[in-house]
>>> print(open('my_file-v1.cif').read())   # mmCIF, C-alpha atoms
data_input
loop_
_atom_site.label_atom_id
_atom_site.label_comp_id
_atom_site.auth_asym_id
_atom_site.auth_seq_id
_atom_site.Cartn_x
_atom_site.Cartn_y
_atom_site.Cartn_z
CA MET C 1 1.30 -72.78 -100.14
CA THR C 2 -2.11 -74.46 -100.46
CA GLN C 3 -2.89 -75.51 -104.06
CA HIS C 4 -6.44 -75.60 -105.47
CA SER C 5 -7.40 -76.65 -109.03
CA LYS C 6 -9.83 -75.64 -111.78
CA ASP C 7 -9.96 -76.01 -115.59
CA ASN C 8 -11.31 -72.95 -117.35
CA THR C 9 -8.93 -70.01 -117.90
CA ASP C 10 -9.01 -66.52 -119.31
CA LEU C 11 -6.33 -63.88 -118.80
CA ILE C 12 -4.87 -65.77 -115.91
CA GLU C 13 -5.37 -69.32 -114.69
CA SER C 14 -4.87 -68.68 -111.03
CA PHE C 15 -3.87 -66.04 -108.54
CA ARG C 16 -2.14 -65.82 -105.21
CA LEU C 17 -4.32 -65.08 -102.19
CA THR C 18 -3.16 -64.38 -98.66
CA LEU C 19 -5.52 -64.82 -95.73
CA ASP C 20 -4.73 -65.36 -92.05
CA GLY C 21 -1.06 -65.53 -92.90
CA GLU C 22 -1.55 -68.44 -95.27
CA ASP C 23 -0.90 -68.28 -99.00
CA HIS C 24 -3.21 -70.00 -101.47
CA THR C 25 -3.04 -70.50 -105.21
CA VAL C 26 -6.60 -69.95 -106.38
CA PRO C 27 -7.79 -71.08 -109.83
CA ILE C 28 -10.03 -68.56 -111.54
CA ALA C 29 -12.42 -69.09 -114.44
CA ALA C 30 -13.31 -66.59 -117.14
CA GLY C 31 -15.69 -63.95 -115.85
CA GLU C 32 -15.25 -64.82 -112.19
CA THR C 33 -14.48 -62.21 -109.58
CA LEU C 34 -11.56 -62.81 -107.29
CA LEU C 35 -14.01 -63.38 -104.45
CA GLN C 36 -16.09 -65.88 -106.41
CA ALA C 37 -12.96 -67.80 -107.29
CA ALA C 38 -11.77 -67.80 -103.67
CA LEU C 39 -15.11 -69.04 -102.36
CA ALA C 40 -15.31 -71.69 -105.07
CA ALA C 41 -11.92 -72.91 -103.91
CA GLY C 42 -13.29 -73.32 -100.40
CA ILE C 43 -11.46 -70.35 -98.92
CA ASP C 44 -13.25 -68.50 -96.12
CA ALA C 45 -12.69 -65.11 -97.71
CA PRO C 46 -14.46 -62.31 -95.82
CA HIS C 47 -17.55 -61.06 -97.61
CA LEU C 48 -21.12 -59.96 -96.99
CA CYS C 49 -23.09 -58.05 -99.61
CA THR C 50 -21.01 -59.04 -102.70
CA GLU C 51 -22.32 -55.87 -104.36
CA GLY C 52 -19.49 -53.48 -103.54
CA ARG C 53 -21.43 -51.72 -100.82
CA CYS C 54 -20.34 -53.05 -97.44
CA GLY C 55 -16.57 -53.14 -97.89
CA THR C 56 -16.09 -56.46 -96.09
CA CYS C 57 -14.00 -57.93 -98.92
CA LEU C 58 -11.60 -55.00 -98.87
CA SER C 59 -8.20 -56.36 -99.74
CA TRP C 60 -4.81 -55.26 -101.00
CA LEU C 61 -3.97 -55.92 -104.63
CA ARG C 62 -0.28 -56.37 -104.07
CA ASN C 63 0.31 -57.29 -107.67
CA GLY C 64 -1.63 -57.45 -110.92
CA GLU C 65 -4.46 -55.51 -112.49
CA VAL C 66 -8.21 -55.76 -112.10
CA ASN C 67 -11.37 -54.06 -113.28
CA MET C 68 -13.96 -53.24 -110.66
CA GLU C 69 -17.58 -53.06 -111.69
CA SER C 70 -18.36 -50.91 -108.66
CA ALA C 71 -16.23 -49.41 -105.96
CA ARG C 72 -18.82 -47.73 -103.79
CA ALA C 73 -17.28 -48.90 -100.53
CA LEU C 74 -13.78 -47.90 -101.54
CA SER C 75 -12.60 -44.54 -100.23
CA PRO C 76 -10.06 -42.44 -102.14
CA ARG C 77 -7.54 -43.19 -99.38
CA ASN C 78 -7.99 -46.92 -99.85
CA LYS C 79 -7.78 -46.62 -103.64
CA GLU C 80 -4.46 -44.83 -103.26
CA ARG C 81 -3.24 -47.66 -101.05
CA GLY C 82 -3.98 -50.12 -103.84
CA TYR C 83 -6.92 -51.68 -102.05
CA VAL C 84 -9.75 -53.28 -104.01
CA LEU C 85 -13.10 -54.91 -103.36
CA ALA C 86 -12.62 -58.59 -104.14
CA CYS C 87 -16.32 -59.05 -104.92
CA GLN C 88 -16.07 -56.53 -107.75
CA SER C 89 -12.62 -57.37 -109.09
CA ARG C 90 -11.93 -59.30 -112.27
CA PRO C 91 -8.49 -59.74 -113.82
CA SER C 92 -7.82 -57.17 -116.55
CA SER C 93 -4.38 -58.23 -117.72
CA THR C 94 -2.11 -61.24 -117.79
CA ALA C 95 -0.02 -59.83 -114.94
CA PRO C 96 0.12 -62.21 -111.97
CA ILE C 97 -2.33 -61.27 -109.25
CA TRP C 98 -1.58 -61.30 -105.54
CA LEU C 99 -4.56 -60.45 -103.34
CA ASP C 100 -3.91 -59.95 -99.64
CA PHE C 101 -6.75 -59.90 -97.10
CA ASP C 102 -4.40 -59.46 -94.15
CA LEU C 103 -4.72 -55.69 -93.91
CA MET L 104 -39.46 -58.51 -66.75
CA GLN L 105 -36.43 -56.25 -66.60
CA ILE L 106 -33.69 -57.40 -68.93
CA GLY L 107 -31.30 -54.48 -68.86
CA THR L 108 -30.51 -50.81 -68.42
CA ILE L 109 -29.81 -47.86 -70.68
CA ASP L 110 -26.07 -47.19 -70.40
CA SER L 111 -26.07 -44.06 -72.50
CA VAL L 112 -28.14 -42.12 -75.01
CA TRP L 113 -26.63 -40.76 -78.21
CA ARG L 114 -27.59 -38.75 -81.24
CA TYR L 115 -25.72 -37.70 -84.32
CA PRO L 116 -26.67 -34.19 -85.47
CA VAL L 117 -25.00 -34.73 -88.86
CA LYS L 118 -25.09 -38.11 -90.52
CA GLY L 119 -21.59 -39.55 -90.56
CA MET L 120 -20.06 -37.04 -88.15
CA ARG L 121 -19.18 -37.56 -84.48
CA GLY L 122 -22.13 -38.15 -82.17
CA GLU L 123 -23.02 -36.54 -78.86
CA GLU L 124 -24.05 -38.23 -75.63
CA VAL L 125 -27.10 -36.64 -74.01
CA PRO L 126 -28.63 -37.24 -70.57
CA HIS L 127 -32.10 -37.92 -71.91
CA ILE L 128 -33.95 -37.66 -75.19
CA TYR L 129 -37.40 -37.74 -76.67
CA THR L 130 -37.88 -40.61 -79.06
CA ALA L 131 -40.63 -40.34 -81.65
CA TYR L 132 -41.87 -42.74 -84.31
CA THR L 133 -39.28 -41.06 -86.48
CA GLY L 134 -36.48 -41.76 -84.05
CA VAL L 135 -34.41 -39.88 -81.52
CA MET L 136 -34.92 -36.13 -81.39
CA GLY L 137 -32.16 -34.32 -83.22
CA ASP L 138 -30.68 -37.51 -84.62
CA ARG L 139 -29.17 -37.19 -88.09
CA ILE L 140 -31.02 -34.00 -88.93
CA TYR L 141 -28.38 -33.01 -91.43
CA GLY L 142 -26.64 -34.99 -94.11
CA VAL L 143 -24.15 -34.16 -96.83
CA VAL L 144 -25.32 -35.36 -100.23
CA ALA L 145 -22.75 -36.19 -102.90
CA ALA L 146 -23.73 -35.57 -106.50
CA ASP L 147 -21.77 -38.67 -107.54
CA GLY L 148 -23.07 -40.75 -104.63
CA ASP L 149 -24.90 -44.04 -104.91
CA PRO L 150 -28.52 -43.28 -105.86
CA GLY L 151 -29.66 -45.42 -102.96
CA HIS L 152 -27.18 -44.01 -100.46
CA PRO L 153 -26.01 -40.61 -101.68
CA TRP L 154 -24.51 -39.53 -98.34
CA HIS L 155 -20.96 -38.37 -97.95
CA THR L 156 -19.65 -40.14 -94.84
CA GLY L 157 -16.56 -41.75 -93.41
CA ARG L 158 -16.93 -44.36 -96.11
CA ASP L 159 -15.77 -41.70 -98.54
CA GLN L 160 -13.58 -39.54 -96.32
CA GLU L 161 -12.45 -41.31 -93.17
CA GLU L 162 -11.79 -38.06 -91.25
CA PHE L 163 -15.41 -36.99 -91.77
CA LEU L 164 -16.07 -39.14 -88.71
CA LEU L 165 -13.96 -36.73 -86.63
CA TYR L 166 -15.97 -33.64 -87.52
CA LYS L 167 -17.75 -32.40 -84.40
CA ALA L 168 -21.31 -31.30 -84.98
CA SER L 169 -23.16 -29.59 -82.14
CA TYR L 170 -26.54 -27.97 -81.85
CA THR L 171 -26.29 -24.31 -80.99
CA SER L 172 -29.35 -24.79 -78.76
CA SER L 173 -28.63 -28.36 -77.69
CA GLU L 174 -30.63 -28.24 -74.46
CA GLU L 175 -33.71 -27.05 -76.30
CA LEU L 176 -33.58 -30.04 -78.61
CA LEU L 177 -33.82 -32.85 -76.08
CA LEU L 178 -37.53 -32.76 -75.27
CA PRO L 179 -40.49 -31.08 -76.98
CA LYS L 180 -41.66 -28.15 -74.85
CA ASN L 181 -45.25 -29.38 -74.65
CA LEU L 182 -44.36 -33.00 -73.94
CA ASP L 183 -46.09 -33.15 -70.54
CA ALA L 184 -49.28 -31.71 -72.01
CA THR L 185 -49.40 -34.31 -74.75
CA TYR L 186 -49.04 -37.08 -72.19
CA SER L 187 -51.51 -35.86 -69.60
CA GLU L 188 -54.28 -34.21 -71.55
CA TRP L 189 -54.71 -36.38 -74.61
CA GLU L 190 -55.34 -40.08 -74.89
CA PRO L 191 -53.61 -42.15 -76.05
CA GLY L 192 -51.05 -39.38 -76.52
CA ILE L 193 -50.45 -37.11 -79.49
CA ASP L 194 -47.37 -36.02 -81.36
CA PRO L 195 -45.79 -33.13 -79.46
CA LEU L 196 -44.82 -29.90 -81.17
CA TYR L 197 -41.25 -30.05 -82.38
CA PRO L 198 -39.05 -26.96 -82.34
CA ASP L 199 -39.12 -24.87 -85.49
CA ALA L 200 -36.69 -25.93 -88.18
CA ASN L 201 -34.43 -22.93 -87.62
CA GLU L 202 -33.84 -24.03 -84.03
CA PHE L 203 -31.97 -27.10 -85.26
CA LYS L 204 -28.95 -24.99 -86.12
CA VAL L 205 -25.70 -26.95 -86.06
CA ASN L 206 -22.14 -25.73 -85.77
CA VAL L 207 -19.23 -27.81 -86.99
CA GLU L 208 -15.59 -28.11 -85.99
CA THR L 209 -13.23 -29.88 -88.33
CA PRO L 210 -10.39 -32.14 -87.11
CA GLU L 211 -8.03 -29.27 -87.95
CA GLY L 212 -9.89 -26.97 -85.58
CA VAL L 213 -11.67 -24.86 -88.20
CA THR L 214 -15.14 -23.94 -86.95
CA TYR L 215 -18.29 -23.03 -88.82
CA ASP L 216 -21.08 -21.45 -86.80
CA ASP L 217 -23.68 -22.88 -89.14
CA ILE L 218 -23.32 -26.00 -91.27
CA GLU L 219 -25.50 -24.26 -93.84
CA ASP L 220 -22.88 -21.55 -94.22
CA PRO L 221 -21.83 -21.93 -97.90
CA ALA L 222 -18.20 -21.76 -96.78
CA PHE L 223 -18.53 -25.13 -95.05
CA ILE L 224 -19.61 -26.99 -98.17
CA ALA L 225 -17.19 -25.02 -100.33
CA ASP L 226 -14.27 -26.02 -98.10
CA LEU L 227 -15.41 -29.64 -97.95
CA GLU L 228 -15.76 -29.78 -101.72
CA LYS L 229 -12.27 -28.39 -102.11
CA LEU L 230 -10.93 -30.97 -99.67
CA THR L 231 -12.68 -33.96 -101.19
CA GLY L 232 -13.02 -33.02 -104.85
CA ARG L 233 -16.70 -33.92 -104.74
CA SER L 234 -19.79 -31.92 -105.60
CA LEU L 235 -21.68 -31.74 -102.30
CA ARG L 236 -24.73 -30.11 -100.75
CA ILE L 237 -26.42 -30.02 -97.36
CA HIS L 238 -29.72 -31.80 -96.85
CA THR L 239 -31.78 -31.20 -93.75
CA THR L 240 -34.94 -32.55 -92.20
CA GLN L 241 -36.39 -32.45 -88.68
CA ARG L 242 -37.20 -36.15 -88.70
CA GLY L 243 -33.90 -37.92 -89.12
CA ILE L 244 -31.77 -39.38 -91.89
CA PHE L 245 -31.23 -42.97 -90.82
CA ASP L 246 -30.27 -45.70 -93.24
CA ALA L 247 -32.72 -48.39 -92.29
CA ARG L 248 -34.68 -47.94 -89.06
CA PRO L 249 -35.25 -45.05 -86.66
CA VAL L 250 -33.56 -46.50 -83.55
CA SER L 251 -30.40 -48.54 -83.13
CA ILE L 252 -29.34 -50.47 -80.03
CA PHE L 253 -25.98 -51.99 -79.17
CA SER L 254 -24.78 -53.59 -75.96
CA LEU L 255 -21.66 -53.01 -73.93
CA SER L 256 -21.30 -56.79 -73.65
CA ALA L 257 -21.11 -57.10 -77.43
CA ALA L 258 -18.35 -54.48 -77.54
CA ALA L 259 -16.50 -56.29 -74.73
CA LYS L 260 -16.82 -59.68 -76.43
CA LEU L 261 -15.67 -58.33 -79.77
CA SER L 262 -12.71 -56.73 -77.98
CA GLU L 263 -11.86 -60.11 -76.48
CA GLU L 264 -12.23 -61.91 -79.80
CA MET L 265 -10.18 -59.32 -81.67
CA GLY L 266 -7.52 -58.90 -79.00
CA MET L 267 -7.88 -55.13 -79.12
CA ASP L 268 -10.12 -52.51 -77.57
CA ILE L 269 -13.26 -52.15 -79.64
CA ASP L 270 -14.84 -48.84 -78.68
CA LYS L 271 -18.64 -49.01 -78.53
CA ARG L 272 -18.80 -45.72 -80.42
CA ARG L 273 -17.74 -47.50 -83.61
CA PHE L 274 -21.29 -48.84 -83.77
CA ARG L 275 -22.98 -45.43 -83.68
CA ALA L 276 -26.04 -46.59 -81.74
CA ASN L 277 -28.73 -44.37 -80.23
CA PHE L 278 -28.97 -46.50 -77.11
CA TYR L 279 -26.04 -48.37 -75.64
CA VAL L 280 -27.36 -50.91 -73.19
CA GLU L 281 -26.19 -53.16 -70.39
CA TRP L 282 -28.01 -56.50 -70.39
CA ASP L 283 -28.77 -58.34 -67.16
CA ASN L 284 -28.12 -61.57 -69.05
CA GLN L 285 -24.36 -61.57 -69.25
CA ALA L 286 -24.24 -65.18 -70.40
CA ASP L 287 -24.93 -64.11 -73.99
CA PRO L 288 -22.76 -61.14 -74.96
CA PHE L 289 -24.84 -60.63 -78.08
CA TYR L 290 -28.17 -60.93 -76.29
CA GLU L 291 -29.79 -58.17 -78.37
CA LEU L 292 -29.63 -60.39 -81.45
CA SER L 293 -32.03 -62.80 -79.76
CA LEU L 294 -34.60 -60.06 -79.26
CA VAL L 295 -35.66 -59.69 -82.90
CA GLY L 296 -39.44 -59.73 -82.94
CA LYS L 297 -39.71 -58.83 -79.25
CA THR L 298 -41.20 -55.68 -77.75
CA LEU L 299 -39.28 -53.71 -75.15
CA LYS L 300 -40.39 -50.97 -72.82
CA ILE L 301 -37.68 -48.44 -72.05
CA GLY L 302 -38.22 -46.06 -69.18
CA ASP L 303 -41.75 -44.94 -68.37
CA TRP L 304 -43.07 -44.47 -71.88
CA LEU L 305 -41.04 -45.66 -74.83
CA GLU L 306 -41.96 -48.96 -76.42
CA VAL L 307 -40.02 -50.39 -79.33
CA VAL L 308 -40.13 -53.57 -81.30
CA ILE L 309 -36.80 -55.04 -82.28
CA VAL L 310 -37.14 -55.35 -86.02
CA GLU L 311 -33.91 -56.85 -87.27
CA ARG L 312 -30.21 -57.28 -86.80
CA ASP L 313 -27.96 -54.47 -87.92
CA PRO L 314 -25.81 -55.55 -90.88
CA ARG L 315 -22.57 -53.64 -90.76
CA CYS L 316 -20.27 -51.92 -93.24
CA THR L 317 -16.89 -50.19 -93.28
CA MET L 318 -18.02 -47.47 -90.86
CA ILE L 319 -17.32 -49.74 -87.88
CA THR L 320 -13.73 -50.22 -89.01
CA LEU L 321 -12.97 -46.56 -88.27
CA ASP L 322 -11.59 -45.60 -84.87
CA PRO L 323 -13.92 -42.90 -83.50
CA ASP L 324 -10.98 -40.88 -82.17
CA THR L 325 -8.48 -41.19 -85.01
CA ALA L 326 -10.46 -42.41 -88.05
CA GLU L 327 -7.77 -45.03 -88.58
CA ALA L 328 -9.26 -48.12 -90.17
CA THR L 329 -9.15 -51.67 -88.83
CA PRO L 330 -10.60 -53.71 -91.70
CA LYS L 331 -10.05 -56.86 -89.64
CA LEU L 332 -13.02 -55.95 -87.47
CA LEU L 333 -15.50 -56.13 -90.32
CA GLN L 334 -13.81 -59.26 -91.63
CA HIS L 335 -14.14 -60.83 -88.19
CA LEU L 336 -17.78 -59.85 -87.90
CA ALA L 337 -18.54 -61.33 -91.32
CA ARG L 338 -16.73 -64.59 -90.68
CA ASN L 339 -17.95 -65.14 -87.12
CA HIS L 340 -21.18 -63.20 -86.62
CA ARG L 341 -22.82 -63.08 -90.05
CA GLY L 342 -21.81 -59.44 -90.29
CA ASP L 343 -24.37 -58.33 -87.72
CA ALA L 344 -23.76 -56.18 -84.64
CA GLY L 345 -26.59 -54.60 -82.67
CA VAL L 346 -30.22 -54.35 -83.68
CA PHE L 347 -32.66 -51.94 -85.24
CA ALA L 348 -35.91 -50.99 -83.55
CA ALA L 349 -39.17 -49.39 -84.62
CA VAL L 350 -41.10 -47.21 -82.19
CA LEU L 351 -44.53 -48.35 -81.01
CA GLN L 352 -45.03 -45.76 -78.27
CA ARG L 353 -43.17 -42.46 -78.15
CA GLY L 354 -41.49 -41.23 -75.03
CA ARG L 355 -38.62 -39.83 -73.07
CA VAL L 356 -35.58 -42.02 -72.46
CA ASN L 357 -33.06 -41.33 -69.70
CA LYS L 358 -29.59 -42.63 -69.06
CA GLY L 359 -30.06 -45.43 -66.52
CA ASP L 360 -33.64 -46.24 -67.52
CA PRO L 361 -34.67 -49.87 -67.07
CA ILE L 362 -35.40 -51.99 -70.13
CA LEU L 363 -38.30 -54.39 -69.79
CA LEU L 364 -39.25 -57.30 -72.02
CA LYS L 365 -42.99 -57.16 -72.65
#
>>> encode(input="my_file-v1.cif", output="structure tokens")
Amino acid sequence: MTQHSKDNTDLIESFRLTLDGEDHTVPIAAGETLLQAALAAGIDAPHLCTEGRCGTCLSWLRNGEVNMESARALSPRNKERGYVLACQSRPSSTAPIWLDFDL
Amino acid sequence: MQIGTIDSVWRYPVKGMRGEEVPHIYTAYTGVMGDRIYGVVAADGDPGHPWHTGRDQEEFLLYKASYTSSEELLLPKNLDATYSEWEPGIDPLYPDANEFKVNVETPEGVTYDDIEDPAFIADLEKLTGRSLRIHTTQRGIFDARPVSIFSLSAAAKLSEEMGMDIDKRRFRANFYVEWDNQADPFYELSLVGKTLKIGDWLEVVIVERDPRCTMITLDPDTAEATPKLLQHLARNHRGDAGVFAAVLQRGRVNKGDPILLK
């Protein structure tokens, strides 16, 4: 697993991210979205609009809880599957987060 | 200089539903005749994009929308007169609004003779749990620009890159094209700012690249999603596929028409 590092913490200090079959431990600062944290860690996480509209950062929240500011590109079917938009997702509990882009 | 050929001509009677290939079509400043004349508006939709589409209900893409008088909605009846008797050409008379009647068949085989039949919206609301209504206009409900163009070579290259068949219909273009320049599979992206003449009359300027969203992830035959396609496009092609065009000179476009770079 690739380790990245960062200081500031809030509910969680880091989360697990899977992309292209590789697992990363991504540090996350207070107020950051999962996508912002991934990009700050140098991970080539898929994204385009970063406003919840295009759906490019669609990913599977395999564990943990998040709040999404907007979910316009998330269909009811994808919500039921546990998918989220990484650009809109911020941790909402201390539960460990595992975000999987390999859909 | 000829740079390509029109492979096929498409329109989408209802925004978000399955499109139909037509042999030829009149293309006005407002886009392809009969293209996206109807849309389904969601009361809880985004104020900027209130349309109910496959983004909200994947199977919406499988709904078949057809004009009851399809043949009558390909070319304005007085088109020849507007070309020959008036300089530099005037807007032809479009069919009356009631001639744009559309029937719909759902993926389950339920048919509605008229999309404006209240039963259609009532059934769709029941299925989706959304408050919906039909919006109609004779001049097209396109997101950004009146005409969209996508090449067969781009579909083939994306298929190669993805290791799976990427059907051109995912990209919901009006004109699918075959470029003479096969060295650049995404040749259309290099045409932004250029003017093209298509067939005998139509002239368009390529305005910008087409930034994509989740719609392209949906298989046009099954509505199954392949999110990897949009991820791939974002990570390797800046999220763009195909181009938008604005119309400079109206005209008829036929399957097989040459495309010239002016």
>>> atom_distance(input="my_file-v1.cif", atom1="CA of Ala37 (chain C)", atom2="CA of Arg81 (chain C)")
23.2 Å
>>> interface_residues(input="my_file-v1.cif", of="chain C", to="chain L", cutoff="7 Å", atoms="only C-alpha atoms", output="number ranges by chain")
C: 46-48, 54-56, 73, 75-76, 103
>>> residues_around(input="my_file-v1.cif", residues="Asp44 (chain C)", least_positions_apart="5", cutoff="10 Å", atoms="only C-alpha atoms", output="PyMOL selection string")
(chain C and resi 19-20+35+38-39) or (chain L and resi 338)
>>> atom_distance(input="my_file-v1.cif", atom1="CA of Val84 (chain C)", atom2="CA of Ala225 (chain L)")
29.5 Å
>>> atom_distance(input="my_file-v1.cif", atom1="CA of Leu34 (chain C)", atom2="CA of Ala86 (chain C)")
5.4 Å
>>> resolve_selection(input="my_file-v1.cif", expression="the PyMOL selection byres ((chain L and resi 224) around 12)", output="PyMOL selection string")
chain L and resi 142-145+155+207+215+217-223+225-238
